[in-house]
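A.B. asks: Contents are CSV, C-alpha atoms; file name data.csv:
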```csv
chain,number,residue,atom,x,y,z
A,1,MET,CA,7.5,-15.0,30.7
A,2,HIS,CA,3.8,-14.8,30.0
A,3,PRO,CA,2.4,-16.5,26.9
A,4,LEU,CA,2.1,-14.2,23.9
A,5,ARG,CA,-1.5,-13.2,23.1
A,6,TYR,CA,-2.3,-12.4,19.5
A,7,GLU,CA,-5.1,-11.7,17.1
A,8,VAL,CA,-5.3,-12.0,13.3
A,9,VAL,CA,-7.1,-9.7,10.9
A,10,VAL,CA,-7.4,-11.2,7.5
A,11,ARG,CA,-8.5,-10.2,4.0
A,12,THR,CA,-11.5,-12.2,2.7
A,13,ASP,CA,-9.8,-14.4,0.0
A,14,SER,CA,-8.9,-18.0,0.0
A,15,VAL,CA,-5.2,-17.5,0.1
A,16,SER,CA,-5.3,-15.2,3.1
A,17,ALA,CA,-7.7,-17.6,4.9
A,18,GLY,CA,-5.4,-20.5,4.3
A,19,LEU,CA,-2.5,-18.5,5.8
A,20,GLU,CA,-4.6,-17.6,8.8
A,21,ALA,CA,-5.3,-21.2,9.5
A,22,LYS,CA,-1.6,-22.1,9.2
A,23,PHE,CA,-0.6,-19.2,11.4
A,24,HIS,CA,-3.0,-20.4,14.2
A,25,GLN,CA,-1.5,-23.9,13.9
A,26,LEU,CA,2.1,-22.7,14.1
A,27,ALA,CA,1.3,-20.3,16.9
A,28,ALA,CA,-0.4,-23.0,19.0
A,29,GLU,CA,2.6,-25.2,18.6
A,30,ARG,CA,4.7,-22.5,20.3
A,31,GLY,CA,2.2,-21.8,23.1
A,32,PHE,CA,0.9,-18.5,21.7
A,33,ILE,CA,-2.7,-17.7,22.8
A,34,HIS,CA,-5.3,-16.6,20.3
A,35,VAL,CA,-7.3,-13.9,22.1
A,36,SER,CA,-10.6,-15.5,21.1
A,37,GLN,CA,-9.6,-18.2,23.6
A,38,GLN,CA,-9.0,-15.7,26.4
A,39,GLN,CA,-11.4,-12.7,25.8
A,40,ASP,CA,-10.7,-11.0,29.1
A,41,GLU,CA,-7.2,-9.9,28.2
A,42,PRO,CA,-6.1,-7.8,25.1
A,43,PRO,CA,-3.5,-9.1,22.5
A,44,HIS,CA,0.2,-8.2,22.5
A,45,LEU,CA,0.4,-8.6,18.7
A,46,ILE,CA,-1.9,-8.0,15.8
A,47,VAL,CA,-1.1,-10.0,12.6
A,48,SER,CA,-2.6,-8.6,9.4
A,49,ILE,CA,-2.8,-11.0,6.5
A,50,GLY,CA,-3.6,-9.5,3.1
A,51,GLY,CA,-2.1,-6.1,2.3
A,52,ASP,CA,-1.7,-2.5,3.5
A,53,GLY,CA,-5.5,-2.2,3.4
A,54,THR,CA,-5.9,-5.1,5.8
A,55,PHE,CA,-3.5,-3.4,8.1
A,56,LEU,CA,-5.5,-0.2,8.0
A,57,GLN,CA,-8.6,-2.1,9.0
A,58,ALA,CA,-6.7,-3.7,11.9
A,59,PHE,CA,-5.3,-0.4,13.1
A,60,HIS,CA,-8.7,1.3,13.2
A,61,ARG,CA,-10.2,-1.8,14.9
A,62,TYR,CA,-7.7,-1.5,17.7
A,63,THR,CA,-7.1,2.3,17.8
A,64,GLU,CA,-8.1,2.4,21.5
A,65,GLN,CA,-5.4,-0.1,22.4
A,66,ILE,CA,-2.4,1.0,20.3
A,67,HIS,CA,-0.5,2.1,23.4
A,68,HIS,CA,0.1,-1.6,24.4
A,69,LEU,CA,0.1,-3.6,21.2
A,70,SER,CA,2.1,-3.9,18.0
A,71,PHE,CA,1.4,-5.0,14.4
A,72,VAL,CA,3.1,-7.2,11.8
A,73,GLY,CA,1.9,-7.8,8.3
A,74,VAL,CA,1.9,-10.7,5.8
A,75,HIS,CA,1.1,-9.6,2.2
A,76,THR,CA,-0.8,-11.9,-0.1
A,77,GLY,CA,-0.5,-9.5,-3.0
A,78,HIS,CA,2.0,-6.8,-3.7
A,79,LEU,CA,4.7,-5.9,-1.2
A,80,GLY,CA,3.4,-3.1,1.0
A,81,PHE,CA,4.8,-0.5,3.4
A,82,TYR,CA,3.1,-2.2,6.3
A,83,ALA,CA,2.8,-5.8,5.2
A,84,ASP,CA,6.3,-7.0,4.4
A,85,TRP,CA,6.4,-10.8,5.1
A,86,LYS,CA,5.8,-13.2,2.2
A,87,PRO,CA,3.3,-16.1,2.4
A,88,THR,CA,6.2,-18.5,2.1
A,89,GLU,CA,7.9,-17.0,5.1
A,90,LEU,CA,5.1,-17.8,7.7
A,91,GLU,CA,7.2,-20.3,9.6
A,92,VAL,CA,10.2,-17.9,9.7
A,93,LEU,CA,7.9,-15.2,11.0
A,94,VAL,CA,6.5,-17.3,13.8
A,95,ASP,CA,10.0,-18.4,14.8
A,96,SER,CA,11.0,-14.7,14.8
A,97,ILE,CA,8.1,-13.8,17.0
A,98,GLU,CA,9.1,-16.5,19.5
A,99,LEU,CA,12.8,-15.4,19.5
A,100,ALA,CA,11.9,-11.7,19.9
A,101,ARG,CA,9.9,-12.4,23.0
A,102,GLN,CA,13.2,-12.6,25.0
A,103,ASP,CA,13.5,-8.8,24.4
A,104,TRP,CA,10.3,-7.6,22.7
A,105,ALA,CA,11.2,-3.9,22.8
A,106,LYS,CA,14.2,-4.4,20.5
A,107,SER,CA,11.9,-5.6,17.7
A,108,VAL,CA,9.5,-2.6,17.9
A,109,VAL,CA,9.6,0.5,15.8
A,110,LYS,CA,7.1,3.3,16.3
A,111,TYR,CA,5.6,5.6,13.6
A,112,PRO,CA,3.9,9.0,14.2
A,113,LEU,CA,0.1,9.4,13.7
A,114,VAL,CA,-2.1,12.4,12.8
A,115,ASP,CA,-4.3,13.5,15.6
A,116,ILE,CA,-7.5,15.0,14.1
A,117,ARG,CA,-9.9,17.0,16.2
A,118,LEU,CA,-13.3,17.9,14.7
A,119,GLU,CA,-15.3,20.7,16.2
A,120,SER,CA,-18.9,20.7,15.2
A,121,GLU,CA,-22.2,22.1,16.3
A,122,ASP,CA,-22.7,18.9,18.2
A,123,GLY,CA,-19.4,18.9,20.1
A,124,HIS,CA,-15.9,17.5,19.6
A,125,GLU,CA,-14.7,14.3,18.0
A,126,ASN,CA,-11.1,12.9,18.0
A,127,LEU,CA,-9.7,10.7,15.2
A,128,LEU,CA,-6.4,9.1,14.4
A,129,ALA,CA,-4.9,8.5,11.0
A,130,VAL,CA,-1.9,6.3,10.3
A,131,ASN,CA,-1.6,7.3,6.6
A,132,GLU,CA,-3.5,10.5,6.0
A,133,PHE,CA,-6.6,12.6,6.6
A,134,THR,CA,-8.2,14.4,3.6
A,135,ILE,CA,-10.9,17.0,3.4
A,136,LYS,CA,-12.9,17.8,0.3
A,137,SER,CA,-16.2,19.5,-0.5
A,138,GLU,CA,-19.2,17.6,-1.8
A,139,ASP,CA,-19.8,20.5,-4.1
A,140,GLY,CA,-16.4,20.1,-5.8
A,141,THR,CA,-14.5,23.2,-4.5
A,142,LEU,CA,-13.3,23.4,-0.9
A,143,VAL,CA,-13.0,26.9,0.6
A,144,CYS,CA,-11.4,27.3,4.0
A,145,GLN,CA,-9.0,29.3,6.1
A,146,ILE,CA,-5.9,27.7,7.3
A,147,ASN,CA,-4.3,28.8,10.6
A,148,ILE,CA,-0.9,27.6,11.9
A,149,ASN,CA,-0.3,27.9,15.6
A,150,ASP,CA,-3.5,30.0,16.0
A,151,GLN,CA,-2.3,32.5,13.4
A,152,ARG,CA,-4.0,33.0,10.0
A,153,PHE,CA,-1.8,31.5,7.3
A,154,GLU,CA,-3.8,31.4,4.1
A,155,MET,CA,-7.2,31.3,2.4
A,156,PHE,CA,-7.5,28.1,0.5
A,157,ARG,CA,-9.7,27.3,-2.5
A,158,GLY,CA,-9.2,24.1,-4.4
A,159,ASP,CA,-10.1,20.4,-4.6
A,160,GLY,CA,-9.1,19.6,-1.1
A,161,ILE,CA,-6.4,19.3,1.5
A,162,CYS,CA,-4.3,16.2,2.5
A,163,VAL,CA,-2.7,15.9,5.9
A,164,SER,CA,-0.3,13.0,6.1
A,165,THR,CA,2.0,11.1,8.4
A,166,PRO,CA,5.6,10.4,7.5
A,167,SER,CA,4.8,6.7,6.8
A,168,GLY,CA,1.7,7.8,4.8
A,169,SER,CA,3.7,10.4,2.8
A,170,THR,CA,4.3,7.8,0.1
A,171,GLY,CA,0.6,7.6,-0.6
A,172,TYR,CA,-2.0,10.3,-1.6
A,173,ASN,CA,0.4,13.0,-0.3
A,174,LYS,CA,3.1,11.9,-2.9
A,175,SER,CA,0.5,11.9,-5.7
A,176,VAL,CA,-0.4,15.6,-5.0
A,177,GLY,CA,3.3,16.7,-4.9
A,178,GLY,CA,4.1,16.2,-1.3
A,179,ALA,CA,7.6,15.1,-0.1
A,180,VAL,CA,8.4,11.6,1.1
A,181,ILE,CA,9.4,11.8,4.8
A,182,HIS,CA,11.2,9.2,6.8
A,183,PRO,CA,9.0,7.9,9.7
A,184,SER,CA,11.6,8.8,12.3
A,185,PHE,CA,10.5,12.4,11.9
A,186,GLU,CA,7.7,13.3,14.3
A,187,ALA,CA,5.9,15.5,11.9
A,188,ILE,CA,2.8,15.9,9.7
A,189,GLN,CA,2.6,17.3,6.2
A,190,LEU,CA,-0.1,19.5,4.8
A,191,ALA,CA,-0.5,19.5,1.0
A,192,GLY,CA,-3.1,21.3,-1.0
A,193,ILE,CA,-4.9,19.4,-3.8
A,194,ALA,CA,-5.3,21.5,-7.0
A,195,ALA,CA,-5.2,24.9,-5.2
A,196,LEU,CA,-6.5,28.0,-7.0
A,197,ASN,CA,-4.6,31.2,-6.6
A,198,ASN,CA,-6.1,34.6,-7.3
A,199,ARG,CA,-6.4,38.0,-5.6
A,200,VAL,CA,-8.9,36.7,-3.1
A,201,TYR,CA,-7.7,33.1,-2.4
A,202,ARG,CA,-3.9,33.0,-2.0
A,203,SER,CA,-2.2,29.8,-0.9
A,204,LEU,CA,1.5,29.0,-0.6
A,205,GLY,CA,1.2,26.4,-3.3
A,206,SER,CA,3.8,24.2,-1.6
A,207,PRO,CA,3.4,21.4,1.0
A,208,ILE,CA,4.1,22.4,4.6
A,209,VAL,CA,5.8,20.1,7.2
A,210,LEU,CA,4.8,20.8,10.8
A,211,PRO,CA,6.9,19.5,13.7
A,212,GLN,CA,5.4,17.8,16.8
A,213,HIS,CA,4.8,21.0,18.8
A,214,HIS,CA,2.9,22.8,16.0
A,215,HIS,CA,-0.7,22.5,14.9
A,216,CYS,CA,-2.8,23.6,12.0
A,217,ASP,CA,-6.5,24.5,12.0
A,218,ILE,CA,-8.7,24.2,8.9
A,219,LEU,CA,-11.8,26.4,9.1
A,220,PRO,CA,-14.3,25.5,6.3
A,221,ARG,CA,-16.6,28.2,4.9
A,222,ALA,CA,-20.1,27.8,6.4
A,223,GLY,CA,-22.6,25.8,4.4
A,224,GLN,CA,-20.3,23.3,2.8
A,225,THR,CA,-20.9,19.6,3.0
A,226,LEU,CA,-17.5,18.0,3.6
A,227,ILE,CA,-16.1,14.7,2.6
A,228,PHE,CA,-13.6,13.4,5.1
A,229,THR,CA,-11.3,10.4,4.5
A,230,VAL,CA,-9.3,9.0,7.4
A,231,ASP,CA,-7.1,6.4,5.9
A,232,HIS,CA,-9.7,4.1,4.3
A,233,LEU,CA,-12.7,5.4,6.2
A,234,HIS,CA,-15.1,8.0,4.5
A,235,MET,CA,-17.5,10.4,6.2
A,236,HIS,CA,-19.9,13.1,5.0
A,237,ARG,CA,-20.4,16.0,7.4
A,238,SER,CA,-22.2,19.3,7.0
A,239,ASN,CA,-21.8,20.8,10.5
A,240,ILE,CA,-18.1,21.1,10.9
A,241,LYS,CA,-16.8,24.4,12.3
A,242,ALA,CA,-13.1,23.6,12.6
A,243,ILE,CA,-10.5,20.8,12.2
A,244,ARG,CA,-7.3,20.8,14.2
A,245,CYS,CA,-4.5,18.5,13.0
A,246,MET,CA,-1.2,17.8,14.9
A,247,VAL,CA,1.2,15.0,15.6
A,248,ALA,CA,-0.6,12.6,17.9
A,249,ALA,CA,0.7,11.9,21.5
A,250,HIS,CA,0.7,8.1,20.8
A,251,LYS,CA,2.5,6.3,18.0
A,252,VAL,CA,1.7,3.0,16.2
A,253,SER,CA,4.1,0.2,16.9
A,254,PHE,CA,5.4,-2.4,14.4
A,255,ASN,CA,7.5,-5.4,15.0
A,256,ARG,CA,10.5,-5.5,12.7
A,257,PHE,CA,11.9,-8.9,13.3
A,258,ARG,CA,14.5,-8.3,10.5
A,259,PRO,CA,15.9,-5.3,8.8
A,260,PHE,CA,13.9,-3.7,6.0
A,261,PRO,CA,14.9,0.0,5.8
A,262,PHE,CA,12.3,2.5,4.8
A,263,TRP,CA,14.2,3.8,1.8
A,264,ASN,CA,14.5,0.2,0.5
A,265,ARG,CA,10.7,0.0,0.6
A,266,VAL,CA,10.4,3.3,-1.2
A,267,ARG,CA,12.8,2.2,-3.9
A,268,GLU,CA,11.1,-1.1,-4.4
A,269,ALA,CA,7.6,0.5,-4.5
A,270,PHE,CA,8.4,3.3,-7.0
A,271,ILE,CA,11.7,2.7,-8.7
A,272,GLY,CA,12.3,-1.1,-8.7
A,273,GLN,CA,15.6,-2.9,-9.1
A,274,GLU,CA,18.1,-1.2,-11.4
A,275,THR,CA,19.1,-3.2,-14.5
A,276,GLU,CA,22.5,-2.9,-16.1
```
Translate the structure described by the file into structure tokens.
C.D. replies:
Amino acid sequence: MHPLRYEVVVRTDSVSAGLEAKFHQLAAERGFIHVSQQQDEPPHLIVSIGGDGTFLQAFHRYTEQIHHLSFVGVHTGHLGFYADWKPTELEVLVDSIELARQDWAKSVVKYPLVDIRLESEDGHENLLAVNEFTIKSEDGTLVCQININDQRFEMFRGDGICVSTPSGSTGYNKSVGGAVIHPSFEAIQLAGIAALNNRVYRSLGSPIVLPQHHHCDILPRAGQTLIFTVDHLHMHRSNIKAIRCMVAAHKVSFNRFRPFPFWNRVREAFIGQETE
């Protein structure tokens, strides 16, 4: 069995930095290899220490390598959907990593991603989102045509559009009236943000869930400067002709070294513990 190679992505605060140092110490005692010591080979495991935002930074740093690595998160603030180990559990986590190496695949769960394909006057660009992709207009009102499977579906006018993954459905998507979807579903969800309906611009007014073999195209009206958000990344573009969104071919992998059901996470995040 080859030594486990790992990397740590850490939030810039003293508590997280202290946990990073402790993790390196515990990992070294078990023979794990920090990739900075062996730059010619990629890591097997990315450990994010901070919160869900730290995980998003880690994901986008390693997007090109997601087919052969997995993530685990330690939260130093509030319990997150991606960072579920407490700072006091660091030794238990490292022990769990070592034990799981005997059958690594059993500890891995995979979540769907959104594949975003931008067509502009300059060519094509591909992006991946683990939570959501949003599009808005810099002028305040987004006007676009939405096609589903190459057929015109609606003309949209409103504040924007949110396209989310199942794991990201608890975020921005939920705040604009989208459904919470279990990550075992290979799907994406399209939700309008403050849609305006009149005789010219008619939209369904309800979120749409598309399965793996479907796609949607967002065709912005010419002349708009668009604001894109891919998870925590923001871009301003004025030359976009079309955006295609679909379930990505690759998924993101997480190590679940202990049970923590998705619906338990949802309950704890939004409802809390019931009191008698």
A.B. asks: Using only C-alpha atoms, find each residue of segment 128-237 of chain A with at least one atom at most 12 Å away from an atom of segment 35-54 of chain A; report its shortest atom-to-atom pair and that distance in Å (one decimal), sort the rows by chain and rising residue number, and return the result as CSV.
C.D. replies:
```
residue,atom,partner,partner_atom,distance
A:Val130,CA,A:Asp52,CA,11.1
A:Asn131,CA,A:Asp52,CA,10.3
A:Ser167,CA,A:Asp52,CA,11.7
A:Gly168,CA,A:Asp52,CA,10.9
A:Gly171,CA,A:Asp52,CA,11.1
A:Asp231,CA,A:Gly53,CA,9.1
A:His232,CA,A:Gly53,CA,7.6
A:Leu233,CA,A:Gly53,CA,10.8
```
A.B. asks: So that I can see what lies close to His234 of chain A, please list as a PyMOL selection string the residues with an atom at most 12 Å from it, counting all atoms listed in the file and leaving out residues fewer than 3 positions away in the same chain.
C.D. replies: chain A and resi 132-136+226-231+237
A.B. asks: Any chance you can output those residues with C-alpha atoms as a PDB file, in the frame of the given file?
C.D. replies:
```
ATOM      1  CA  GLU A 132      -3.500  10.500   6.000  1.00  0.00           C
ATOM      2  CA  PHE A 133      -6.600  12.600   6.600  1.00  0.00           C
ATOM      3  CA  THR A 134      -8.200  14.400   3.600  1.00  0.00           C
ATOM      4  CA  ILE A 135     -10.900  17.000   3.400  1.00  0.00           C
ATOM      5  CA  LYS A 136     -12.900  17.800   0.300  1.00  0.00           C
ATOM      6  CA  LEU A 226     -17.500  18.000   3.600  1.00  0.00           C
ATOM      7  CA  ILE A 227     -16.100  14.700   2.600  1.00  0.00           C
ATOM      8  CA  PHE A 228     -13.600  13.400   5.100  1.00  0.00           C
ATOM      9  CA  THR A 229     -11.300  10.400   4.500  1.00  0.00           C
ATOM     10  CA  VAL A 230      -9.300   9.000   7.400  1.00  0.00           C
ATOM     11  CA  ASP A 231      -7.100   6.400   5.900  1.00  0.00           C
ATOM     12  CA  ARG A 237     -20.400  16.000   7.400  1.00  0.00           C
TER      13      ARG A 237
END
```
A.B. asks: Atom CA of Leu128 of chain A and atom CA of Ile97 of chain A are how many Å apart?
C.D. replies: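 These two atoms are separated by 27.2 Å.
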A.B. asks: For a test of reading the model, state the distance in Å between atom CA of Cys144 of chain A and atom CA of Cys162 of chain A, rounded to one decimal.
C.D. replies: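 Going from atom CA of Cys144 of chain A over to atom CA of Cys162 of chain A covers 13.3 Å.
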A.B. asks: For Arg101 of chain A, list every protein, DNA or RNA residue within 10 Å, evaluated using only C-alpha atoms, and leave out those in the same chain fewer than 3 positions away; present the list as a PyMOL selection string.
C.D. replies: chain A and resi 1-4+96-98+104-107
A.B. asks: Which one of A:Arg265, A:His60, A:His215, A:His67 sits closest to Ser253 of chain A if you count all atoms listed in the file?
C.D. replies: A:His67
A.B. asks: Do a neighbour search on Asn197 of chain A at 12 Å with only C-alpha atoms, toss out local chain neighbours closer than 2 positions, and write the hits as a list of chain:residue names.
C.D. replies: A:Val143, A:Glu154, A:Met155, A:Phe156, A:Arg157, A:Gly158, A:Gly192, A:Ala194, A:Ala195, A:Arg199, A:Val200, A:Tyr201, A:Arg202, A:Ser203, A:Leu204, A:Gly205
A.B. asks: Counting only C-alpha atoms, figure out which residue out of A:Asn239, A:Ser184, A:Asn255, A:Gln65 gets nearest to Gly123 of chain A.
C.D. replies: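 Smallest separation from Gly123 of chain A among the options: A:Asn239.
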A.B. asks: So that I can check the surroundings of Glu119 of chain A, please list as a list in words every protein, DNA and RNA residue that reaches within 9 Å of it, counting only C-alpha atoms and ignoring chain neighbours fewer than 5 positions away.
C.D. replies: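 Those residues are His124, Glu125, Asn239, Ile240, Lys241, Ala242, Ile243 and Arg244 of chain A.
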A.B. asks: Find the residues near Val266 of chain A: any atom within 10 Å, counting all atoms listed in the file, skip ones fewer than 2 places away on the same chain, and give them as a CSV table (one decimal) with C-alpha atoms, in the frame of the given file.
C.D. replies:
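And here is the file that came out, around.csv:
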```csv
chain,number,residue,atom,x,y,z
A,80,GLY,CA,3.4,-3.1,1.0
A,81,PHE,CA,4.8,-0.5,3.4
A,170,THR,CA,4.3,7.8,0.1
A,180,VAL,CA,8.4,11.6,1.1
A,182,HIS,CA,11.2,9.2,6.8
A,261,PRO,CA,14.9,0.0,5.8
A,262,PHE,CA,12.3,2.5,4.8
A,263,TRP,CA,14.2,3.8,1.8
A,264,ASN,CA,14.5,0.2,0.5
A,268,GLU,CA,11.1,-1.1,-4.4
A,269,ALA,CA,7.6,0.5,-4.5
A,270,PHE,CA,8.4,3.3,-7.0
A,271,ILE,CA,11.7,2.7,-8.7
A,272,GLY,CA,12.3,-1.1,-8.7
```
A.B. asks: Pick the closest to Val114 of chain A from A:Gln102, A:Gln151, A:Thr165, A:Thr76: which is it, counting only C-alpha atoms?
C.D. replies: A:Thr165
A.B. asks: Would you mind exporting segment 27-76 of chain A with C-alpha atoms, as a compact mmCIF listing (two decimals), in the first residue's frame?
C.D. replies:
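Wrote it out as result.txt, contents follow:
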```
# COMPACT_ATOMS: atom_id res chain seq x y z
CA ALA A 27 -0.16 12.89 9.54
CA ALA A 28 3.62 12.62 9.65
CA GLU A 29 3.39 10.22 12.60
CA ARG A 30 1.29 7.90 10.44
CA GLY A 31 3.51 8.13 7.38
CA PHE A 32 1.25 10.37 5.28
CA ILE A 33 3.10 12.50 2.73
CA HIS A 34 2.41 16.20 2.42
CA VAL A 35 2.56 16.90 -1.32
CA SER A 36 4.81 19.91 -0.81
CA GLN A 37 7.46 17.31 0.06
CA GLN A 38 6.83 15.38 -3.18
CA GLN A 39 5.72 17.84 -5.84
CA ASP A 40 5.90 15.42 -8.76
CA GLU A 41 2.81 13.45 -7.66
CA PRO A 42 -0.73 14.76 -6.97
CA PRO A 43 -2.51 14.29 -3.61
CA HIS A 44 -5.06 11.60 -2.85
CA LEU A 45 -6.83 13.73 -0.24
CA ILE A 46 -7.49 17.46 0.20
CA VAL A 47 -8.18 18.55 3.77
CA SER A 48 -9.96 21.91 4.08
CA ILE A 49 -9.74 23.61 7.47
CA GLY A 50 -12.07 26.56 8.00
CA GLY A 51 -15.58 26.27 6.65
CA ASP A 52 -17.59 25.64 3.50
CA GLY A 53 -15.99 28.69 1.90
CA THR A 54 -12.57 27.15 2.45
CA PHE A 55 -13.75 23.96 0.79
CA LEU A 56 -14.99 25.93 -2.24
CA GLN A 57 -11.55 27.51 -2.58
CA ALA A 58 -9.98 24.05 -2.37
CA PHE A 59 -12.37 22.62 -4.96
CA HIS A 60 -11.66 25.33 -7.52
CA ARG A 61 -7.92 25.09 -6.89
CA TYR A 62 -8.03 21.39 -7.75
CA THR A 63 -10.85 21.30 -10.32
CA GLU A 64 -8.60 19.78 -12.97
CA GLN A 65 -7.74 16.86 -10.66
CA ILE A 66 -11.15 16.00 -9.14
CA HIS A 67 -11.33 12.65 -10.96
CA HIS A 68 -8.58 11.17 -8.76
CA LEU A 69 -8.81 12.97 -5.39
CA SER A 70 -11.31 13.46 -2.58
CA PHE A 71 -12.06 16.09 0.07
CA VAL A 72 -12.71 16.18 3.79
CA GLY A 73 -13.46 19.30 5.84
CA VAL A 74 -12.76 20.49 9.38
CA HIS A 75 -14.89 23.45 10.46
CA THR A 76 -13.52 26.16 12.72
```
